[in-house]
Amino acid sequence: MEHQKVLKNPILPGSYPDPSICRVDDDFYLINSSFSMFPGVPIFHSTDLVHWEQIGYILDRKSQLHVTADCVIGGIMAPTLRYSNGVFYMITANVSDRGNFIVTASDPRGPWSDPYWLPDVPGIDASLFFDDEGKAYIVGTRQDKSSDGLSGRQVIWVSEIDLERMCLVGPRPTIWEGALRNAPYPEGPHLYKKDGYYYLIAAEGGTEHFHAVVVARSKKVFGPYEGYVGNPIMTHRHLGKMYPICNVGHADLVELKNGEWYAVMLGSRLIGGYHKNLGRETFIAPVVWEDGWPVISPGTGKIEWSYPAPDLPEFKPKAMLARDDFDEDKLGMVWNFLGTPYEDFYTLKDSKLILKLLPRPMSPELKKISHAPGPGSENAERVSRDGTEKCFSTLSFIGRRQQHIRFSACAKMSFWATSENETAGLVVMQANNHQLRLERSMEAG
């Protein structure tokens, strides 16, 4: 009897939040938020939805991505990946720079273009939708103004976009305010078209315990949209805080060639109580359509640890790097910087990773998101008169995502201090203010 292939959750373990997926013929591509890490927006490939291989980063050049180490949760939020007429599009917001932008590529492995900035696109979580009528639309979030002119609550809006000129055209109506009355944080919107309806999939409730996926539909892209009476179509908030998978939401749907549907979404695994050390990870679940509405994880209504896999060609990815002896001439794709590396602080030589000490500590203090303009924007060349002091301080840090609840790690290190304030070592970092550091220091002399 042939062994049944299984989808095992999470399909991308570790900090891979806000997944977005698209299919091109027999190939699936998936991307995630990268916040303040550089390179930005990891991109994965699969043919069976079971096994995934990272094929690169979409934002791998300094001209594409300005982020700082001031706040781990700054930078790139909720990217969307779409494909149309031979071109891949990625739209996202860099909240540490100039906001929303689009990059394009003919090959998902790159190179990807420099950003096309979208100054007339407000908010976060913008998504692209290509209609079968040949037009492209952006659906995103914004703060609608109240009657007194002050900022009101967050809503979801839609507009046509001219991708030749990279600008919005026509009306920009609000189409959704949430499934629940006064729903907090309607966000993460995506549009799809099926059987004559435009479907809006969105998140609400915030990205923590009350996170949820909701759906609405309309015969016209600009609405009005009718909310599903069965909303939310996915949440774990009713399962209690100690259920082992929590924070589930922010879904993106994909249709297979045979007409089957799946949803990818973020969730977190609990560790030792109500702790989410691994951050938000990527999960998957089957989707069926009943009476014109999507049902995620039919039969249980919650994310399961496994599902029968669809009948797709088997994909054999390259094994992820578990040990690195730094024998190559460049860092492997598992490694990341915190903030854009504006200074050359590392080298690979003689099977060693050599890090240069920089006058910036792994600060335990939580700082505000930096909105300083990046190197490609106005007033970007910020150096002191003697040309030595740079505006954006670089952190001498290279790290990789923790992907397992239980793991061991070791590193052979040589370190010589020249002052009492110099330290080096290992850090387990969940956020700016949640760190476990093993540091070595020496008295000068």
# chains A, B, ... in the order shown; residues from 1 in each chain; ligands from 1
$ residues_around --residues "segment 128-140 of chain A" --least-positions-apart "5" --cutoff "9 Å" --atoms "only C-alpha atoms" --output "list in words"
Thr80, Leu81, Arg82, Tyr83, Ser84, Tyr89, Met90, Ile91, Val121, Pro122, Gly123, Val155, Ile156, Trp157, Val158, Ser159, Glu160, Ile161, Asp162, Leu163, Leu168, Glu187, Gly188, Pro189, His190, Leu191, Tyr192, Lys193 and Val221 of chain A
$ write_last_selection --atoms "C-alpha atoms" --output "mmCIF file, in the first residue's frame"
data_model
loop_
_atom_site.group_PDB
_atom_site.id
_atom_site.type_symbol
_atom_site.label_atom_id
_atom_site.label_comp_id
_atom_site.auth_asym_id
_atom_site.auth_seq_id
_atom_site.Cartn_x
_atom_site.Cartn_y
_atom_site.Cartn_z
ATOM 1 C CA THR A 80 1.970 39.960 -0.599
ATOM 2 C CA LEU A 81 3.293 37.928 -3.545
ATOM 3 C CA ARG A 82 1.406 37.799 -6.838
ATOM 4 C CA TYR A 83 2.110 36.838 -10.464
ATOM 5 C CA SER A 84 0.686 38.174 -13.720
ATOM 6 C CA TYR A 89 5.063 41.392 -7.891
ATOM 7 C CA MET A 90 5.752 41.854 -4.197
ATOM 8 C CA ILE A 91 4.004 44.675 -2.353
ATOM 9 C CA VAL A 121 -0.957 54.280 -0.672
ATOM 10 C CA PRO A 122 -1.645 54.673 3.071
ATOM 11 C CA GLY A 123 -1.572 52.167 5.888
ATOM 12 C CA VAL A 155 -10.720 50.162 7.831
ATOM 13 C CA ILE A 156 -9.988 48.314 4.589
ATOM 14 C CA TRP A 157 -10.130 50.121 1.234
ATOM 15 C CA VAL A 158 -9.604 49.275 -2.437
ATOM 16 C CA SER A 159 -8.395 51.160 -5.499
ATOM 17 C CA GLU A 160 -7.353 50.418 -9.053
ATOM 18 C CA ILE A 161 -3.614 50.774 -9.645
ATOM 19 C CA ASP A 162 -1.797 51.638 -12.856
ATOM 20 C CA LEU A 163 1.242 49.333 -12.738
ATOM 21 C CA LEU A 168 -3.536 54.731 -7.892
ATOM 22 C CA GLU A 187 -5.974 44.138 8.439
ATOM 23 C CA GLY A 188 -4.178 41.601 6.243
ATOM 24 C CA PRO A 189 -6.692 41.903 3.358
ATOM 25 C CA HIS A 190 -6.546 39.816 0.165
ATOM 26 C CA LEU A 191 -8.966 39.764 -2.770
ATOM 27 C CA TYR A 192 -9.892 36.737 -4.905
ATOM 28 C CA LYS A 193 -12.476 36.124 -7.603
ATOM 29 C CA VAL A 221 -14.826 44.903 -6.710
#
$ select_by_dssp --residues "segment 189-418 of chain A" --states "strand (DSSP E or B)" --output "number ranges by chain"
A: 189-194, 197-204, 212-218, 226-227, 234-235, 245-255, 261-269, 281-290, 293-296, 306-308, 336-338, 346-349, 352-355, 383, 390, 399
$ residues_around --residues "Leu353 of chain A" --least-positions-apart "3" --cutoff "10 Å" --atoms "only C-alpha atoms" --output "PyMOL selection string"
chain A and resi 324-327+331+346-350+356+398+413
$ write_last_selection --atoms "N, CA, C and O atoms" --output "compact mmCIF listing (two decimals), in the first residue's frame"
# COMPACT_ATOMS: atom_id res chain seq x y z
N ASP A 324 27.42 25.03 10.32
CA ASP A 324 28.12 25.87 9.35
C ASP A 324 29.57 26.01 9.78
O ASP A 324 29.85 26.52 10.87
N ASP A 325 30.47 25.56 8.95
CA ASP A 325 31.90 25.73 9.20
C ASP A 325 32.46 26.92 8.43
O ASP A 325 33.68 27.13 8.43
N PHE A 326 31.58 27.67 7.79
CA PHE A 326 31.95 28.90 7.09
C PHE A 326 33.07 28.65 6.07
O PHE A 326 34.04 29.39 6.00
N ASP A 327 32.86 27.59 5.28
CA ASP A 327 33.83 27.24 4.24
C ASP A 327 33.55 27.94 2.91
O ASP A 327 34.39 27.91 2.02
N LEU A 331 27.89 34.08 3.18
CA LEU A 331 27.03 33.49 4.19
C LEU A 331 25.89 32.72 3.55
O LEU A 331 25.36 33.12 2.51
N TYR A 346 32.02 42.02 9.02
CA TYR A 346 32.35 40.60 9.10
C TYR A 346 33.11 40.17 7.85
O TYR A 346 33.01 40.78 6.78
N THR A 347 33.90 39.10 8.01
CA THR A 347 34.59 38.48 6.90
C THR A 347 34.55 36.96 7.08
O THR A 347 34.40 36.45 8.20
N LEU A 348 34.67 36.24 5.97
CA LEU A 348 34.78 34.79 5.98
C LEU A 348 36.17 34.44 5.48
O LEU A 348 36.54 34.76 4.35
N LYS A 349 36.95 33.79 6.36
CA LYS A 349 38.35 33.51 6.00
C LYS A 349 38.83 32.29 6.76
O LYS A 349 38.60 32.17 7.97
N ASP A 350 39.51 31.38 6.06
CA ASP A 350 40.11 30.20 6.69
C ASP A 350 39.09 29.43 7.53
O ASP A 350 39.36 29.03 8.67
N LYS A 356 33.76 42.00 13.52
CA LYS A 356 34.41 43.20 14.05
C LYS A 356 33.55 43.79 15.16
O LYS A 356 32.33 43.89 15.04
N ILE A 398 25.07 38.51 13.75
CA ILE A 398 24.62 37.61 12.69
C ILE A 398 23.90 36.46 13.36
O ILE A 398 24.42 35.83 14.28
N MET A 413 34.76 29.97 19.78
CA MET A 413 34.99 31.40 19.68
C MET A 413 36.36 31.78 20.21
O MET A 413 36.80 31.28 21.25
$ closest_residue --among "A:Asp107, A:Asp70, A:Asp120, A:Asp25" --to "Ile43 of chain A" --atoms "only C-alpha atoms"
A:Asp107
$ atom_distance --atom1 "atom CA of Trp117 of chain A" --atom2 "atom CA of Asn100 of chain A"
6.2 Å
$ atom_distance --atom1 "atom CA of Gly110 of chain A" --atom2 "atom CA of Phe88 of chain A"
9.9 Å
$ closest_residue --among "A:Gly399, A:Gly227, A:Gly152, A:Pro313" --to "Val427 of chain A" --atoms "only C-alpha atoms"
A:Gly399
$ closest_residue --among "A:Ser15, A:Asn182, A:Thr340, A:Asn258" --to "Pro310 of chain A" --atoms "only C-alpha atoms"
A:Asn258
$ residues_around --residues "segment 294-301 of chain A" --least-positions-apart "5" --cutoff "7 Å" --atoms "only C-alpha atoms" --output "list in words"
Ile233, Met234, Ala285, Pro286, Val287, Val288 and Trp289 of chain A
$ residues_around --residues "segment 50-53 of chain A" --least-positions-apart "3" --cutoff "8 Å" --atoms "only C-alpha atoms" --output "count of residues only"
14
$ decode --residues "segment 116-147 of chain A" --atoms "N, CA, C and O atoms" --output "mmCIF file, in the first residue's frame"
data_model
loop_
_atom_site.group_PDB
_atom_site.id
_atom_site.type_symbol
_atom_site.label_atom_id
_atom_site.label_comp_id
_atom_site.auth_asym_id
_atom_site.auth_seq_id
_atom_site.Cartn_x
_atom_site.Cartn_y
_atom_site.Cartn_z
ATOM 1 N N TYR A 116 9.560 50.555 -6.161
ATOM 2 C CA TYR A 116 8.695 51.584 -6.724
ATOM 3 C C TYR A 116 7.851 52.083 -5.559
ATOM 4 O O TYR A 116 6.900 51.411 -5.129
ATOM 5 N N TRP A 117 8.198 53.239 -5.038
ATOM 6 C CA TRP A 117 7.510 53.747 -3.862
ATOM 7 C C TRP A 117 6.106 54.222 -4.226
ATOM 8 O O TRP A 117 5.867 54.747 -5.319
ATOM 9 N N LEU A 118 5.166 54.039 -3.290
ATOM 10 C CA LEU A 118 3.753 54.343 -3.512
ATOM 11 C C LEU A 118 3.294 55.383 -2.490
ATOM 12 O O LEU A 118 2.633 55.050 -1.500
ATOM 13 N N PRO A 119 3.645 56.644 -2.700
ATOM 14 C CA PRO A 119 3.322 57.663 -1.692
ATOM 15 C C PRO A 119 1.824 57.899 -1.517
ATOM 16 O O PRO A 119 1.410 58.430 -0.479
ATOM 17 N N ASP A 120 0.995 57.492 -2.494
ATOM 18 C CA ASP A 120 -0.449 57.693 -2.349
ATOM 19 C C ASP A 120 -1.153 56.468 -1.769
ATOM 20 O O ASP A 120 -2.389 56.420 -1.734
ATOM 21 N N VAL A 121 -0.374 55.471 -1.303
ATOM 22 C CA VAL A 121 -0.957 54.280 -0.672
ATOM 23 C C VAL A 121 -0.738 54.360 0.830
ATOM 24 O O VAL A 121 0.394 54.253 1.307
ATOM 25 N N PRO A 122 -1.800 54.554 1.618
ATOM 26 C CA PRO A 122 -1.645 54.673 3.071
ATOM 27 C C PRO A 122 -1.639 53.322 3.750
ATOM 28 O O PRO A 122 -1.871 52.274 3.136
ATOM 29 N N GLY A 123 -1.381 53.339 5.052
ATOM 30 C CA GLY A 123 -1.572 52.167 5.888
ATOM 31 C C GLY A 123 -0.546 51.071 5.676
ATOM 32 O O GLY A 123 0.534 51.274 5.108
ATOM 33 N N ILE A 124 -0.899 49.885 6.162
ATOM 34 C CA ILE A 124 -0.040 48.701 6.073
ATOM 35 C C ILE A 124 -0.826 47.561 5.429
ATOM 36 O O ILE A 124 -2.023 47.687 5.157
ATOM 37 N N ASP A 125 -0.151 46.446 5.200
ATOM 38 C CA ASP A 125 -0.774 45.205 4.740
ATOM 39 C C ASP A 125 -1.403 45.310 3.356
ATOM 40 O O ASP A 125 -2.354 44.592 3.028
ATOM 41 N N ALA A 126 -0.884 46.194 2.504
ATOM 42 C CA ALA A 126 -1.434 46.323 1.156
ATOM 43 C C ALA A 126 -1.225 45.038 0.365
ATOM 44 O O ALA A 126 -0.209 44.360 0.500
ATOM 45 N N SER A 127 -2.222 44.697 -0.468
ATOM 46 C CA SER A 127 -2.180 43.475 -1.271
ATOM 47 C C SER A 127 -2.577 43.811 -2.701
ATOM 48 O O SER A 127 -3.366 44.730 -2.941
ATOM 49 N N LEU A 128 -2.020 43.063 -3.661
ATOM 50 C CA LEU A 128 -2.377 43.230 -5.071
ATOM 51 C C LEU A 128 -3.392 42.179 -5.485
ATOM 52 O O LEU A 128 -3.344 41.025 -5.040
ATOM 53 N N PHE A 129 -4.291 42.581 -6.388
ATOM 54 C CA PHE A 129 -5.266 41.664 -6.968
ATOM 55 C C PHE A 129 -5.359 41.920 -8.463
ATOM 56 O O PHE A 129 -5.556 43.071 -8.892
ATOM 57 N N PHE A 130 -5.193 40.870 -9.266
ATOM 58 C CA PHE A 130 -5.301 40.973 -10.717
ATOM 59 C C PHE A 130 -6.640 40.391 -11.147
ATOM 60 O O PHE A 130 -6.889 39.186 -10.995
ATOM 61 N N ASP A 131 -7.498 41.258 -11.675
ATOM 62 C CA ASP A 131 -8.815 40.831 -12.110
ATOM 63 C C ASP A 131 -8.714 40.111 -13.457
ATOM 64 O O ASP A 131 -7.781 40.348 -14.235
ATOM 65 N N ASP A 132 -9.681 39.235 -13.732
ATOM 66 C CA ASP A 132 -9.677 38.555 -15.022
ATOM 67 C C ASP A 132 -10.089 39.488 -16.155
ATOM 68 O O ASP A 132 -10.055 39.099 -17.328
ATOM 69 N N GLU A 133 -10.452 40.714 -15.804
ATOM 70 C CA GLU A 133 -10.789 41.710 -16.818
ATOM 71 C C GLU A 133 -9.583 42.538 -17.243
ATOM 72 O O GLU A 133 -9.707 43.475 -18.032
ATOM 73 N N GLY A 134 -8.393 42.202 -16.686
ATOM 74 C CA GLY A 134 -7.172 42.862 -17.106
ATOM 75 C C GLY A 134 -6.734 44.026 -16.238
ATOM 76 O O GLY A 134 -5.687 44.625 -16.495
ATOM 77 N N LYS A 135 -7.483 44.348 -15.214
ATOM 78 C CA LYS A 135 -7.117 45.453 -14.331
ATOM 79 C C LYS A 135 -6.462 44.927 -13.060
ATOM 80 O O LYS A 135 -6.653 43.773 -12.662
ATOM 81 N N ALA A 136 -5.668 45.795 -12.429
ATOM 82 C CA ALA A 136 -5.013 45.470 -11.165
ATOM 83 C C ALA A 136 -5.543 46.396 -10.079
ATOM 84 O O ALA A 136 -5.833 47.573 -10.331
ATOM 85 N N TYR A 137 -5.644 45.857 -8.872
ATOM 86 C CA TYR A 137 -6.178 46.619 -7.741
ATOM 87 C C TYR A 137 -5.277 46.447 -6.525
ATOM 88 O O TYR A 137 -4.598 45.429 -6.370
ATOM 89 N N ILE A 138 -5.294 47.464 -5.683
ATOM 90 C CA ILE A 138 -4.674 47.387 -4.362
ATOM 91 C C ILE A 138 -5.784 47.396 -3.328
ATOM 92 O O ILE A 138 -6.716 48.210 -3.395
ATOM 93 N N VAL A 139 -5.691 46.484 -2.374
ATOM 94 C CA VAL A 139 -6.568 46.506 -1.212
ATOM 95 C C VAL A 139 -5.660 46.644 0.000
ATOM 96 O O VAL A 139 -4.641 45.968 0.110
ATOM 97 N N GLY A 140 -5.998 47.573 0.895
ATOM 98 C CA GLY A 140 -5.118 47.848 2.026
ATOM 99 C C GLY A 140 -5.871 48.388 3.216
ATOM 100 O O GLY A 140 -7.103 48.327 3.276
ATOM 101 N N THR A 141 -5.137 48.917 4.179
ATOM 102 C CA THR A 141 -5.732 49.468 5.399
ATOM 103 C C THR A 141 -5.457 50.956 5.489
ATOM 104 O O THR A 141 -4.516 51.466 4.885
ATOM 105 N N ARG A 142 -6.269 51.635 6.242
ATOM 106 C CA ARG A 142 -6.050 53.060 6.522
ATOM 107 C C ARG A 142 -6.891 53.459 7.721
ATOM 108 O O ARG A 142 -7.775 52.718 8.156
ATOM 109 N N GLN A 143 -6.595 54.634 8.228
ATOM 110 C CA GLN A 143 -7.396 55.216 9.292
ATOM 111 C C GLN A 143 -8.401 56.164 8.656
ATOM 112 O O GLN A 143 -8.037 57.203 8.117
ATOM 113 N N ASP A 144 -9.673 55.787 8.650
ATOM 114 C CA ASP A 144 -10.703 56.686 8.122
ATOM 115 C C ASP A 144 -10.936 57.839 9.092
ATOM 116 O O ASP A 144 -10.914 57.655 10.315
ATOM 117 N N LYS A 145 -11.177 59.011 8.526
ATOM 118 C CA LYS A 145 -11.418 60.186 9.372
ATOM 119 C C LYS A 145 -12.873 60.245 9.809
ATOM 120 O O LYS A 145 -13.787 59.928 9.057
ATOM 121 N N SER A 146 -13.066 60.685 11.035
ATOM 122 C CA SER A 146 -14.413 60.860 11.552
ATOM 123 C C SER A 146 -14.973 62.203 11.083
ATOM 124 O O SER A 146 -14.286 62.989 10.428
ATOM 125 N N SER A 147 -16.212 62.473 11.418
ATOM 126 C CA SER A 147 -16.870 63.694 10.938
ATOM 127 C C SER A 147 -16.187 64.960 11.425
ATOM 128 O O SER A 147 -16.297 66.011 10.787
#
